[in-house]
Structure formats: structure tokens, C-alpha cells
file start10.cif (mmCIF, C-alpha atoms and all ligand atoms)
data_final
#
loop_
_atom_site.label_atom_id
_atom_site.label_comp_id
_atom_site.auth_asym_id
_atom_site.auth_seq_id
_atom_site.Cartn_x
_atom_site.Cartn_y
_atom_site.Cartn_z
CA MET A 30 13.45 -8.64 -18.37
CA SER A 31 16.57 -7.34 -19.98
CA GLY A 32 19.45 -5.67 -18.22
CA GLU A 33 21.71 -6.57 -15.37
CA GLY A 34 19.29 -5.36 -12.70
CA ASN A 35 20.28 -3.64 -9.50
CA GLY A 36 20.91 -6.87 -7.56
CA LYS A 37 18.39 -5.86 -4.89
CA THR A 38 16.08 -8.42 -3.32
CA LEU A 39 13.64 -8.15 -0.45
CA ARG A 40 13.57 -10.28 2.69
CA GLU A 41 10.95 -13.03 2.61
CA VAL A 42 9.16 -14.28 5.70
CA SER A 43 6.22 -16.59 6.27
CA ALA A 44 3.97 -17.60 9.13
CA SER A 45 0.89 -19.74 9.72
CA GLY A 46 -1.51 -20.88 12.41
CA SER A 47 -3.44 -18.75 14.87
CA HIS A 48 -3.30 -14.99 14.48
CA TYR A 49 -1.32 -14.67 17.70
CA ASN A 50 1.22 -17.27 16.56
CA ILE A 51 1.50 -15.60 13.16
CA GLY A 52 2.36 -12.36 14.96
CA VAL A 53 4.97 -14.04 17.18
CA SER A 54 6.61 -15.68 14.20
CA LEU A 55 6.70 -12.50 12.10
CA GLY A 56 8.02 -10.58 15.10
CA LYS A 57 10.89 -13.02 15.58
CA GLN A 58 11.80 -12.92 11.89
CA CYS A 59 11.58 -9.12 11.61
CA LYS A 60 12.83 -7.98 15.01
CA ASP A 61 15.53 -5.75 13.52
CA GLN A 62 12.98 -4.01 11.30
CA ALA A 63 10.57 -3.57 14.21
CA LEU A 64 13.32 -1.99 16.30
CA ARG A 65 14.15 0.41 13.48
CA MET A 66 10.47 1.34 13.13
CA GLN A 67 10.34 2.15 16.87
CA LYS A 68 13.37 4.36 16.46
CA MET A 69 11.73 6.19 13.57
CA LEU A 70 8.54 6.68 15.57
CA LYS A 71 10.55 8.18 18.43
CA ALA A 72 12.55 10.37 16.09
CA SER A 73 9.44 11.68 14.38
CA VAL A 74 7.80 12.44 17.74
CA GLU A 75 10.86 14.47 18.72
CA GLN A 76 10.41 16.58 15.61
CA MET A 77 6.84 17.52 16.54
CA PRO A 78 6.84 20.60 18.75
CA GLY A 79 5.20 19.99 22.14
CA MET A 80 4.66 16.29 21.45
CA THR A 81 5.90 13.46 23.63
CA LEU A 82 5.92 9.70 23.09
CA GLU A 83 3.49 9.33 26.03
CA LYS A 84 1.02 11.65 24.33
CA VAL A 85 1.29 9.75 21.03
CA LEU A 86 0.74 6.41 22.79
CA ALA A 87 -2.23 7.79 24.73
CA HIS A 88 -3.70 9.10 21.47
CA THR A 89 -3.26 5.91 19.44
CA ASN A 90 -4.56 3.81 22.34
CA LEU A 91 -7.88 5.64 21.99
CA THR A 92 -8.33 3.89 18.64
CA LEU A 93 -7.67 0.41 20.04
CA PRO A 94 -11.33 -0.34 20.89
CA LEU A 95 -12.26 0.52 17.28
CA THR A 96 -9.58 -1.80 15.93
CA LYS A 97 -10.71 -4.58 18.26
CA GLU A 98 -14.27 -4.14 17.05
CA ALA A 99 -13.40 -3.91 13.35
CA TYR A 100 -10.90 -6.75 13.20
CA PRO A 101 -9.94 -8.43 16.51
CA GLU A 102 -7.72 -10.92 14.66
CA PHE A 103 -5.37 -8.09 13.70
CA VAL A 104 -5.02 -7.05 17.34
CA GLU A 105 -4.09 -10.67 18.13
CA GLU A 106 -1.43 -10.53 15.41
CA VAL A 107 -0.05 -7.27 16.83
CA GLU A 108 0.00 -8.77 20.33
CA GLY A 109 1.97 -11.74 19.00
CA TYR A 110 4.28 -9.44 17.06
CA ALA A 111 4.96 -7.39 20.19
CA ASP A 112 5.84 -10.58 22.09
CA GLY A 113 7.94 -11.90 19.21
CA THR A 114 9.98 -8.72 19.00
CA GLY A 115 10.14 -8.03 22.73
CA ILE A 116 8.79 -4.53 22.10
CA GLY A 117 5.81 -3.31 24.11
CA PHE A 118 2.37 -3.64 22.51
CA ASP A 119 1.62 0.09 22.86
CA LEU A 120 4.73 1.00 20.92
CA VAL A 121 4.12 -1.53 18.16
CA TYR A 122 0.49 -0.46 17.81
CA ALA A 123 1.40 3.24 17.77
CA SER A 124 4.03 2.60 15.16
CA LEU A 125 1.47 0.80 12.95
CA CYS A 126 -1.10 3.58 13.40
CA ASP A 127 1.37 6.36 12.73
CA ARG A 128 3.64 4.57 10.32
CA PRO A 129 2.70 6.34 7.13
CA PHE A 130 3.30 9.83 8.49
CA SER A 131 4.53 10.50 5.02
CA ARG A 132 2.15 13.02 3.61
CA GLY A 133 0.62 10.98 0.85
CA LYS A 134 3.25 11.91 -1.67
CA GLY A 135 3.59 8.67 -3.49
CA CYS A 136 2.45 5.65 -5.40
CA THR A 137 1.13 4.96 -8.89
CA ASP A 138 -1.38 2.17 -9.53
CA ILE A 139 -2.77 0.45 -12.61
CA ALA A 140 -5.24 -2.43 -12.70
CA VAL A 141 -6.41 -4.21 -15.82
CA ASN A 142 -8.76 -7.09 -16.57
CA SER A 143 -8.28 -10.02 -18.93
CA GLN A 144 -9.82 -8.38 -22.01
CA TRP A 145 -6.70 -6.22 -22.43
CA THR A 146 -3.88 -8.54 -21.37
CA LYS A 147 -1.77 -10.71 -23.63
CA ASP A 148 -2.37 -13.90 -21.62
CA ASP A 149 -6.01 -13.20 -20.62
CA VAL A 150 -5.05 -12.59 -16.99
CA VAL A 151 -6.17 -9.97 -14.46
CA LEU A 152 -3.30 -7.80 -13.25
CA ALA A 153 -3.03 -5.27 -10.42
CA ALA A 154 0.18 -3.23 -10.46
CA HIS A 155 1.74 -0.70 -8.11
CA ASN A 156 4.77 1.54 -7.67
CA GLU A 157 5.43 2.21 -3.96
CA ASP A 158 6.82 5.69 -3.35
CA LEU A 159 7.94 6.73 0.11
CA GLU A 160 10.89 8.34 1.88
CA PRO A 161 14.08 6.44 0.88
CA PHE A 162 14.93 5.53 4.50
CA HIS A 163 11.93 3.17 4.67
CA TYR A 164 13.52 0.78 2.17
CA PRO A 165 15.26 -1.47 4.76
CA ASP A 166 11.88 -2.18 6.43
CA LEU A 167 10.38 -3.84 3.36
CA CYS A 168 9.57 -7.52 3.42
CA ILE A 169 7.64 -10.03 1.35
CA THR A 170 5.28 -11.78 3.76
CA ARG A 171 3.32 -14.98 3.25
CA VAL A 172 0.64 -15.66 5.84
CA THR A 173 -1.64 -18.68 6.19
CA PRO A 174 -4.12 -18.14 9.00
CA LYS A 175 -5.93 -21.24 10.18
CA ASP A 176 -9.33 -19.60 9.72
CA GLU A 177 -8.92 -17.27 6.69
CA PRO A 178 -7.57 -17.30 3.12
CA GLY A 179 -3.77 -17.16 2.96
CA PHE A 180 -2.11 -14.20 1.33
CA ILE A 181 1.14 -12.79 0.02
CA ALA A 182 1.90 -9.14 0.67
CA VAL A 183 4.68 -6.63 0.55
CA THR A 184 4.89 -5.32 4.09
CA TYR A 185 6.87 -3.06 6.37
CA GLY A 186 8.43 -4.95 9.23
CA GLY A 187 6.62 -8.13 8.19
CA ILE A 188 3.29 -6.96 9.62
CA TYR A 189 2.19 -3.71 7.94
CA PRO A 190 0.77 -4.73 4.54
CA THR A 191 0.95 -2.11 1.81
CA VAL A 192 -0.14 -4.30 -1.14
CA GLY A 193 -1.25 -7.93 -1.23
CA MET A 194 -3.29 -10.73 -2.81
CA ASN A 195 -5.03 -13.70 -1.26
CA THR A 196 -5.87 -17.27 -2.27
CA ALA A 197 -9.49 -16.23 -2.91
CA GLY A 198 -8.25 -14.08 -5.78
CA ILE A 199 -8.68 -10.69 -4.10
CA SER A 200 -5.94 -8.09 -4.39
CA LEU A 201 -5.46 -4.90 -2.45
CA THR A 202 -3.26 -2.18 -3.86
CA GLY A 203 -3.69 1.58 -3.77
CA ASN A 204 -2.33 4.95 -2.90
CA ALA A 205 -2.25 7.55 -0.18
CA LEU A 206 -4.58 10.55 -0.35
CA VAL A 207 -4.36 13.71 1.73
CA GLN A 208 -7.79 14.54 3.06
CA ASN A 209 -9.08 17.47 5.08
CA ASP A 210 -11.55 15.55 7.25
CA THR A 211 -9.23 13.26 9.25
CA ARG A 212 -10.40 12.51 12.76
CA LEU A 213 -9.72 10.18 15.63
CA GLY A 214 -10.80 6.82 14.27
CA LEU A 215 -9.87 3.42 12.96
CA PRO A 216 -6.26 3.46 11.66
CA LYS A 217 -6.04 3.05 7.89
CA VAL A 218 -3.85 -0.06 8.06
CA VAL A 219 -6.73 -2.06 9.56
CA PRO A 220 -8.96 -2.08 6.46
CA VAL A 221 -5.93 -2.94 4.31
CA ARG A 222 -5.16 -6.02 6.41
CA LYS A 223 -8.80 -7.03 6.72
CA VAL A 224 -9.44 -6.89 2.95
CA LEU A 225 -6.71 -9.51 2.56
CA SER A 226 -8.96 -11.90 4.50
CA ALA A 227 -11.93 -11.39 2.15
CA LYS A 228 -13.30 -14.38 0.24
CA GLY A 229 -15.08 -12.24 -2.33
CA VAL A 230 -15.46 -8.74 -3.71
CA TYR A 231 -18.51 -7.86 -1.59
CA ASP A 232 -16.69 -8.34 1.70
CA ALA A 233 -13.57 -6.68 0.25
CA LEU A 234 -15.43 -3.49 -0.69
CA THR A 235 -17.34 -3.43 2.58
CA TRP A 236 -14.25 -3.93 4.70
CA SER A 237 -12.25 -1.36 2.74
CA MET A 238 -14.46 1.49 4.02
CA PRO A 239 -15.38 0.89 7.68
CA PRO A 240 -17.55 3.81 8.88
CA SER A 241 -15.41 4.24 12.01
CA ARG A 242 -12.27 5.10 10.03
CA GLY A 243 -10.16 8.08 11.01
CA GLN A 244 -8.68 8.52 7.53
CA SER A 245 -8.40 6.45 4.38
CA TYR A 246 -6.19 5.31 1.59
CA ASN A 247 -7.50 4.99 -1.92
CA ASN A 248 -7.96 1.23 -1.65
CA ILE A 249 -7.85 -0.48 -5.05
CA ILE A 250 -9.61 -3.83 -4.96
CA CYS A 251 -9.59 -6.35 -7.77
CA ASP A 252 -10.94 -9.87 -7.98
CA GLN A 253 -10.02 -12.73 -10.27
CA ASN A 254 -13.11 -12.06 -12.42
CA GLY A 255 -11.65 -8.73 -13.41
CA GLU A 256 -13.85 -6.60 -11.17
CA ILE A 257 -11.75 -3.49 -10.58
CA TYR A 258 -12.64 -0.87 -7.97
CA SER A 259 -10.82 2.17 -6.71
CA MET A 260 -12.34 2.93 -3.31
CA GLU A 261 -11.54 6.62 -3.04
CA GLY A 262 -12.02 7.30 0.63
CA SER A 263 -11.65 10.13 3.06
CA ALA A 264 -12.52 9.83 6.75
CA THR A 265 -16.20 10.65 6.26
CA ALA A 266 -17.00 9.92 2.61
CA PHE A 267 -15.99 7.76 -0.33
CA ASP A 268 -16.74 7.05 -3.95
CA ALA A 269 -16.37 3.66 -5.62
CA LEU A 270 -14.70 4.20 -9.00
CA TYR A 271 -15.21 1.22 -11.31
CA GLY A 272 -12.94 0.14 -14.14
CA HIS A 273 -15.65 0.59 -16.80
CA GLU A 274 -13.12 0.51 -19.62
CA GLY A 275 -11.54 -2.69 -18.29
CA TYR A 276 -8.68 -0.87 -16.61
CA LEU A 277 -8.03 1.86 -14.12
CA VAL A 278 -5.18 4.21 -13.17
CA HIS A 279 -4.82 6.03 -9.85
CA THR A 280 -2.24 8.24 -8.16
CA ASN A 281 -2.48 10.57 -5.15
CA HIS A 282 -5.32 12.98 -5.78
CA TYR A 283 -9.09 12.57 -5.77
CA LEU A 284 -10.55 11.80 -9.19
CA SER A 285 -14.23 11.62 -8.29
CA PRO A 286 -16.03 15.02 -8.36
CA ARG A 287 -17.91 13.78 -5.30
CA MET A 288 -14.57 13.71 -3.42
CA TRP A 289 -12.93 16.90 -4.69
CA ARG A 290 -13.95 18.89 -1.63
CA PHE A 291 -11.99 16.50 0.61
CA GLU A 292 -8.69 17.19 -1.17
CA ASP A 293 -6.50 18.90 1.43
CA ASP A 294 -4.42 21.00 -0.97
CA LEU A 295 -4.34 20.33 -4.69
CA HIS A 296 -1.38 22.71 -4.98
CA THR A 297 0.79 19.93 -3.51
CA ARG A 298 -0.41 17.30 -6.05
CA MET A 299 1.53 18.24 -9.18
CA SER A 300 3.58 15.02 -9.19
CA SER A 301 0.38 13.04 -8.76
CA ILE A 302 -1.33 14.87 -11.65
CA ILE A 303 1.63 14.31 -13.96
CA ARG A 304 1.96 10.64 -12.99
CA TYR A 305 -1.77 10.03 -13.47
CA ASN A 306 -1.91 11.52 -16.95
CA ARG A 307 1.39 10.05 -18.04
CA ALA A 308 0.58 6.51 -16.81
CA SER A 309 -2.86 6.68 -18.45
CA LYS A 310 -1.40 7.74 -21.78
CA LEU A 311 1.48 5.24 -21.80
CA PHE A 312 -0.67 2.35 -20.62
CA LYS A 313 -3.39 2.88 -23.26
CA ARG A 314 -0.88 2.18 -26.04
CA HIS A 315 -0.52 -1.40 -24.78
CA LEU A 316 -4.21 -2.29 -24.48
CA GLY A 317 -4.74 -5.76 -25.92
CA GLN A 318 -1.09 -6.70 -25.40
CA VAL A 319 -0.55 -5.85 -21.74
CA ASP A 320 2.05 -8.00 -20.00
CA LEU A 321 4.81 -7.64 -17.41
CA GLY A 322 6.93 -5.70 -19.91
CA THR A 323 4.16 -3.07 -20.14
CA PHE A 324 4.50 -2.32 -16.44
CA LYS A 325 8.27 -2.34 -16.57
CA GLU A 326 8.03 0.34 -19.26
CA VAL A 327 5.28 2.49 -17.71
CA PHE A 328 6.63 2.27 -14.16
CA SER A 329 10.16 3.21 -15.31
CA ASP A 330 8.99 6.45 -16.93
CA HIS A 331 10.93 9.59 -16.03
CA VAL A 332 8.78 12.41 -17.40
CA GLY A 333 8.52 14.95 -14.56
CA TYR A 334 11.80 13.67 -13.05
CA PRO A 335 12.60 13.32 -10.18
CA GLU A 336 8.92 13.29 -9.11
CA SER A 337 8.07 11.02 -12.07
CA ILE A 338 6.27 7.66 -12.12
CA CYS A 339 9.67 6.11 -11.36
CA ARG A 340 10.56 8.48 -8.54
CA HIS A 341 14.03 9.39 -7.40
CA PRO A 342 15.11 11.46 -4.37
CA ASP A 343 15.11 15.19 -5.16
CA PRO A 344 18.52 16.48 -3.98
CA ARG A 345 16.96 19.92 -3.36
CA LEU A 346 14.87 18.49 -0.52
CA GLY A 347 15.76 17.34 2.98
CA GLU A 348 15.77 13.61 3.79
CA GLN A 349 12.31 13.77 5.40
CA ASP A 350 10.76 15.33 2.30
CA GLN A 351 12.33 13.12 -0.34
CA THR A 352 10.39 10.42 -2.11
CA MET A 353 11.55 7.46 -4.14
CA THR A 354 10.08 4.35 -5.65
CA LEU A 355 10.98 1.68 -3.07
CA PHE A 356 9.57 -1.22 -5.07
CA SER A 357 7.24 -2.05 -7.93
CA ALA A 358 4.79 -4.95 -7.83
CA VAL A 359 2.52 -6.72 -10.30
CA PHE A 360 -0.08 -9.17 -8.99
CA ASP A 361 -1.35 -11.79 -11.43
CA LEU A 362 -4.74 -12.66 -9.93
CA THR A 363 -5.42 -15.36 -12.49
CA ARG A 364 -2.19 -17.30 -11.98
CA LYS A 365 -1.80 -16.25 -8.33
CA ALA A 366 1.70 -14.90 -8.71
CA LEU A 367 3.42 -11.73 -7.59
CA TRP A 368 6.21 -10.05 -9.53
CA VAL A 369 8.32 -7.68 -7.46
CA CYS A 370 11.09 -5.30 -8.48
CA ALA A 371 13.05 -4.12 -5.43
CA GLY A 372 14.13 -0.51 -5.80
CA ASN A 373 13.53 1.72 -8.81
CA PRO A 374 11.99 -0.18 -11.76
CA CYS A 375 14.25 1.72 -14.20
CA GLU A 376 17.22 -0.12 -12.66
CA GLY A 377 15.85 -3.36 -11.29
CA GLU A 378 14.13 -6.46 -12.54
CA TYR A 379 10.85 -8.12 -11.60
CA ARG A 380 11.18 -11.44 -9.78
CA LYS A 381 8.38 -13.95 -9.48
CA HIS A 382 6.90 -15.08 -6.16
CA GLU A 383 4.19 -17.75 -6.09
CA LEU A 384 1.33 -17.31 -3.65
ZN ZN A 401 13.99 5.66 -12.41
#

call {"tool": "encode", "arguments": {"input": "start10.cif", "output": "C-alpha cells"}}
result
Amino acid sequence: MSGEGNGKTLREVSASGSHYNIGVSLGKQCKDQALRMQKMLKASVEQMPGMTLEKVLAHTNLTLPLTKEAYPEFVEEVEGYADGTGIGFDLVYASLCDRPFSRGKGCTDIAVNSQWTKDDVVLAAHNEDLEPFHYPDLCITRVTPKDEPGFIAVTYGGIYPTVGMNTAGISLTGNALVQNDTRLGLPKVVPVRKVLSAKGVYDALTWSMPPSRGQSYNNIICDQNGEIYSMEGSATAFDALYGHEGYLVHTNHYLSPRMWRFEDDLHTRMSSIIRYNRASKLFKRHLGQVDLGTFKEVFSDHVGYPESICRHPDPRLGEQDQTMTLFSAVFDLTRKALWVCAGNPCEGEYRKHEL
């Protein structure tokens, strides 16, 4: 990529072995981030009228049996992480359940199969948009469990995966949606982590939409054959959008007519609508020649600024309401590589990380 770049890089951590030992190791390497995440949890609780930390912990603990049932290995990782950081399990678990309190403002995703790419590779790409103060919690995590495929992911605090790809050629990217049917149920991080243990697309789709879920991301799942799915979920329903044209774009509103009635408030989705249409239009021009440069161009776009595809903090808003692109990522499922640009893609450069 051209340009000087912004000089930003993300921390890299790795862990292997049993799920508990993976958690301990990640906890030790990311203790400072875990402590900051606890602080943010406490601060956000203080801002909720009538809410106390005890009430939040009691509430999130109600979901623990569901998490244990859906994916006990993740609970073991969280137990290890709690021990590795020296922070209590309840607090770590609550922080993972509640972590994306951000109201689904961000993220732009594009996935494309080999028919349209310059080097005949399958690519899954993502801009991560969140409040700017989450940036210091980002981490590139490599995990090799003794009993599951290894994976590389961009995580918060080493343990909360937001996008990732595993050695079986499955990637998980996606965006937040704001749905009107949320309920007490399985936290939405659990399916994200579990999909990264899938050995094939059938398990990945199944695990992306556990019926016990309390809410859902739009989980975009790709495999190395170029199967591209956008699992548009709410708590109680979903639609599986397929990349019929060989590619797929998604932002932060429901596209499937089946899911429109679960949209909480379309009035708040103008950035998402602009980013969706803009990314679709810009991306189409590159079909047949798609490569890393395509994503650098599309993900750096500023139409609709500051709530554009490349998002920048809106100075008219308070810190809690601002959104910015924290990183941009392109997974090459064919060559098993991850390209990450730390910070805004208009300023930074994509660096390669092998799985
Ligand atoms: Zn920008």
C-alpha cells in the first residue's frame, strides 16, 4: 500500500493447549486490557439510573447455564482468563456479556468468492466501528486449542473475538444489528467464538444461530469454497442471506424482508443505509479484479462523513455516542492470511498476519 501509514500496530498474543490454559495465558498477556474493560463496565453501570454492579452481575449470571450448555469450552476459557488476570469470574463474564453496549452503530462488511478476485481467492473483509475509547483494548489473538481447529482473530482484551478465521477455512465477520425482540438468553459473543471452532460450513451456520440466544449479531460466515452467508439474526428469528452473485455486502440494518419487523428503529440507521449502498456501488466496479487495494479504497471512503464507511468521531456528539473505525481487516481464506489496518483505513496500511 502506498503512503506513510499512521504507524499504528495492534498487540499480538497467542495461546495453546487446554481451554482453561488458553484462558490463563491470554489473561496474563492482556491483564491491563482486562482491567480497563472492568473499569468501563463499572462506569457504564454508574450511568444507568437505578442500576448497580450487583444487579448486573446477578442478571448476567442467569445466562451462565445457557453458555455452559451451548459451549462449555468457552466457559473454561473465561475461567482461565479470570485466573490469569486476577479478576473475579463474575466480573469477567459480565464484561463479556455486556461488552458491546454500543448500540449497533458500526461496521461495514464485504465478502467475495474466487470468481471475482484477481488471484482466485476467497476474501472476507470488515471495517470495525465502535466508540473511539475501545481502541486500546484491541488485540490480534492466535489460539490453538488441543481439541479444535486453531484460529486467528481480532479480539478485545485477547478473549472477545469480533472477527476471525480458522485453520478449517471458516471465517466469521459481521455487524451489529439493533433488534426489538432481545430477551434474557445466550450472550451474542458465544456463537461468535463457537463458530471459530467449526470444521465446516454446516456446523458454522448451525452454531451461529443457537435457539437460546438473547440477541444476535449479523454473523457473516464464509468457507474456503466461497460459500458466503450473512446470518441475519434477531433473538427469535433469522434469515440466511446467500451470496448468490458471488459477493455480499452488509452494514447495520436488516436487509431481508423477513427480518424488517425486528428492526428496532430504522430512523437511527441512516449511516448504515449510506454505507451499504456506497460500499455496494464502489465494490461492484472492481468485480473480476478484486484485491487488497479494492478494500483499501472502499473502506477509506468518506461519503457521508463523518458517519461514512471510514468513520471518524463526530465532534458534535459526546464521547459515548461517537463512532470511529478502529481497524479494518481482510481475511484471505484461500491463503489463510489476515491483513489488518490498525485505525482508520484512510490513514493506515494493511499488514499481513499468517494464520
Ligand atoms: Zn477516514

call {"tool": "residues_near_ligand", "arguments": {"input": "start10.cif", "ligand": "ligand ZN 401 (chain A)", "cutoff": "9 Å", "atoms": "all atoms listed in the file", "output": "list in words"}}
result
Phe328, Ser329, Asp330, His331, Tyr334, Pro335, Ser337, Ile338, Cys339, Arg340, His341, Met353, Thr354, Asn373, Pro374, Cys375 and Glu376 of chain A

call {"tool": "write_last_selection", "arguments": {"input": "start10.cif", "atoms": "C-alpha atoms", "output": "mmCIF file, keeping the file's coordinate frame"}}
result
data_model
loop_
_atom_site.group_PDB
_atom_site.id
_atom_site.type_symbol
_atom_site.label_atom_id
_atom_site.label_comp_id
_atom_site.auth_asym_id
_atom_site.auth_seq_id
_atom_site.Cartn_x
_atom_site.Cartn_y
_atom_site.Cartn_z
ATOM 1 C CA PHE A 328 6.630 2.270 -14.160
ATOM 2 C CA SER A 329 10.160 3.210 -15.310
ATOM 3 C CA ASP A 330 8.990 6.450 -16.930
ATOM 4 C CA HIS A 331 10.930 9.590 -16.030
ATOM 5 C CA TYR A 334 11.800 13.670 -13.050
ATOM 6 C CA PRO A 335 12.600 13.320 -10.180
ATOM 7 C CA SER A 337 8.070 11.020 -12.070
ATOM 8 C CA ILE A 338 6.270 7.660 -12.120
ATOM 9 C CA CYS A 339 9.670 6.110 -11.360
ATOM 10 C CA ARG A 340 10.560 8.480 -8.540
ATOM 11 C CA HIS A 341 14.030 9.390 -7.400
ATOM 12 C CA MET A 353 11.550 7.460 -4.140
ATOM 13 C CA THR A 354 10.080 4.350 -5.650
ATOM 14 C CA ASN A 373 13.530 1.720 -8.810
ATOM 15 C CA PRO A 374 11.990 -0.180 -11.760
ATOM 16 C CA CYS A 375 14.250 1.720 -14.200
ATOM 17 C CA GLU A 376 17.220 -0.120 -12.660
#

call {"tool": "closest_residue", "arguments": {"input": "start10.cif", "among": "A:Ala140, A:Met69, A:Val150, A:Leu206", "to": "Lys313 in chain A", "atoms": "all atoms listed in the file"}}
result
A:Ala140

call {"tool": "residues_around", "arguments": {"input": "start10.cif", "residues": "Ala99 in chain A", "least_positions_apart": "5", "cutoff": "9 Å", "atoms": "all atoms listed in the file", "output": "PDB file with C-alpha atoms, in the coordinates of the input"}}
result
ATOM      1  CA  PRO A  94     -11.330  -0.340  20.890  1.00  0.00           C
ATOM      2  CA  LEU A 215      -9.870   3.420  12.960  1.00  0.00           C
ATOM      3  CA  VAL A 219      -6.730  -2.060   9.560  1.00  0.00           C
ATOM      4  CA  PRO A 220      -8.960  -2.080   6.460  1.00  0.00           C
ATOM      5  CA  LYS A 223      -8.800  -7.030   6.720  1.00  0.00           C
ATOM      6  CA  TRP A 236     -14.250  -3.930   4.700  1.00  0.00           C
ATOM      7  CA  PRO A 239     -15.380   0.890   7.680  1.00  0.00           C
ATOM      8  CA  SER A 241     -15.410   4.240  12.010  1.00  0.00           C
TER       9      SER A 241
END

call {"tool": "closest_atom_pairs", "arguments": {"input": "start10.cif", "of": "range 172-256 of chain A", "to": "range 52-56 of chain A", "cutoff": "10 Å", "atoms": "all atoms listed in the file", "output": "tab-separated table"}}
result
residue	atom	partner	partner_atom	distance
A:Val172	CA	A:Leu55	CA	9.3
A:Gly186	CA	A:Gly56	CA	8.1
A:Gly187	CA	A:Leu55	CA	5.9
A:Ile188	CA	A:Leu55	CA	7.0

call {"tool": "closest_residue", "arguments": {"input": "start10.cif", "among": "A:Asp294, A:Glu383, A:Asp119, A:Glu75", "to": "Leu93 in chain A", "atoms": "all atoms listed in the file"}}
result
A:Asp119

call {"tool": "residues_around", "arguments": {"input": "start10.cif", "residues": "Arg212 in chain A", "least_positions_apart": "5", "cutoff": "8 Å", "atoms": "all atoms listed in the file", "output": "short mmCIF file (atom, residue, chain, number, x, y, z; two decimals) with C-alpha atoms, keeping the file's coordinate frame"}}
result
data_model
loop_
_atom_site.label_atom_id
_atom_site.label_comp_id
_atom_site.auth_asym_id
_atom_site.auth_seq_id
_atom_site.Cartn_x
_atom_site.Cartn_y
_atom_site.Cartn_z
CA GLY A 243 -10.16 8.08 11.01
CA GLN A 244 -8.68 8.52 7.53
CA ALA A 264 -12.52 9.83 6.75
#

call {"tool": "decode", "arguments": {"input": "start10.cif", "residues": "range 301-312 of chain A", "atoms": "N, CA, C and O atoms", "output": "PDB file, in the first residue's frame"}}
result
ATOM      1  N   SER A 301     -25.875   3.521   8.289  1.00  0.00           N
ATOM      2  CA  SER A 301     -25.839   2.151   7.789  1.00  0.00           C
ATOM      3  C   SER A 301     -26.360   2.072   6.356  1.00  0.00           C
ATOM      4  O   SER A 301     -25.779   1.392   5.496  1.00  0.00           O
ATOM      5  N   ILE A 302     -27.442   2.804   6.075  1.00  0.00           N
ATOM      6  CA  ILE A 302     -28.036   2.793   4.733  1.00  0.00           C
ATOM      7  C   ILE A 302     -27.048   3.388   3.719  1.00  0.00           C
ATOM      8  O   ILE A 302     -26.826   2.827   2.643  1.00  0.00           O
ATOM      9  N   ILE A 303     -26.451   4.494   4.090  1.00  0.00           N
ATOM     10  CA  ILE A 303     -25.478   5.134   3.191  1.00  0.00           C
ATOM     11  C   ILE A 303     -24.275   4.218   2.960  1.00  0.00           C
ATOM     12  O   ILE A 303     -23.825   4.018   1.828  1.00  0.00           O
ATOM     13  N   ARG A 304     -23.754   3.637   4.042  1.00  0.00           N
ATOM     14  CA  ARG A 304     -22.567   2.781   3.907  1.00  0.00           C
ATOM     15  C   ARG A 304     -22.871   1.547   3.059  1.00  0.00           C
ATOM     16  O   ARG A 304     -22.056   1.103   2.249  1.00  0.00           O
ATOM     17  N   TYR A 305     -24.069   0.986   3.237  1.00  0.00           N
ATOM     18  CA  TYR A 305     -24.450  -0.202   2.467  1.00  0.00           C
ATOM     19  C   TYR A 305     -24.487   0.110   0.964  1.00  0.00           C
ATOM     20  O   TYR A 305     -23.889  -0.599   0.147  1.00  0.00           O
ATOM     21  N   ASN A 306     -25.190   1.164   0.618  1.00  0.00           N
ATOM     22  CA  ASN A 306     -25.328   1.498  -0.805  1.00  0.00           C
ATOM     23  C   ASN A 306     -23.997   1.922  -1.420  1.00  0.00           C
ATOM     24  O   ASN A 306     -23.652   1.542  -2.532  1.00  0.00           O
ATOM     25  N   ARG A 307     -23.270   2.703  -0.665  1.00  0.00           N
ATOM     26  CA  ARG A 307     -21.985   3.210  -1.151  1.00  0.00           C
ATOM     27  C   ARG A 307     -20.983   2.060  -1.350  1.00  0.00           C
ATOM     28  O   ARG A 307     -20.325   1.963  -2.381  1.00  0.00           O
ATOM     29  N   ALA A 308     -20.874   1.178  -0.357  1.00  0.00           N
ATOM     30  CA  ALA A 308     -19.937   0.042  -0.460  1.00  0.00           C
ATOM     31  C   ALA A 308     -20.334  -0.860  -1.620  1.00  0.00           C
ATOM     32  O   ALA A 308     -19.477  -1.337  -2.375  1.00  0.00           O
ATOM     33  N   SER A 309     -21.634  -1.079  -1.785  1.00  0.00           N
ATOM     34  CA  SER A 309     -22.104  -1.942  -2.884  1.00  0.00           C
ATOM     35  C   SER A 309     -21.699  -1.352  -4.225  1.00  0.00           C
ATOM     36  O   SER A 309     -21.188  -2.050  -5.105  1.00  0.00           O
ATOM     37  N   LYS A 310     -21.929  -0.051  -4.376  1.00  0.00           N
ATOM     38  CA  LYS A 310     -21.632   0.602  -5.647  1.00  0.00           C
ATOM     39  C   LYS A 310     -20.119   0.604  -5.935  1.00  0.00           C
ATOM     40  O   LYS A 310     -19.681   0.243  -7.021  1.00  0.00           O
ATOM     41  N   LEU A 311     -19.337   1.014  -4.945  1.00  0.00           N
ATOM     42  CA  LEU A 311     -17.887   1.092  -5.158  1.00  0.00           C
ATOM     43  C   LEU A 311     -17.281  -0.282  -5.421  1.00  0.00           C
ATOM     44  O   LEU A 311     -16.398  -0.443  -6.267  1.00  0.00           O
ATOM     45  N   PHE A 312     -17.772  -1.279  -4.675  1.00  0.00           N
ATOM     46  CA  PHE A 312     -17.191  -2.625  -4.786  1.00  0.00           C
ATOM     47  C   PHE A 312     -17.454  -3.236  -6.158  1.00  0.00           C
ATOM     48  O   PHE A 312     -16.576  -3.867  -6.749  1.00  0.00           O
TER      49      PHE A 312
END
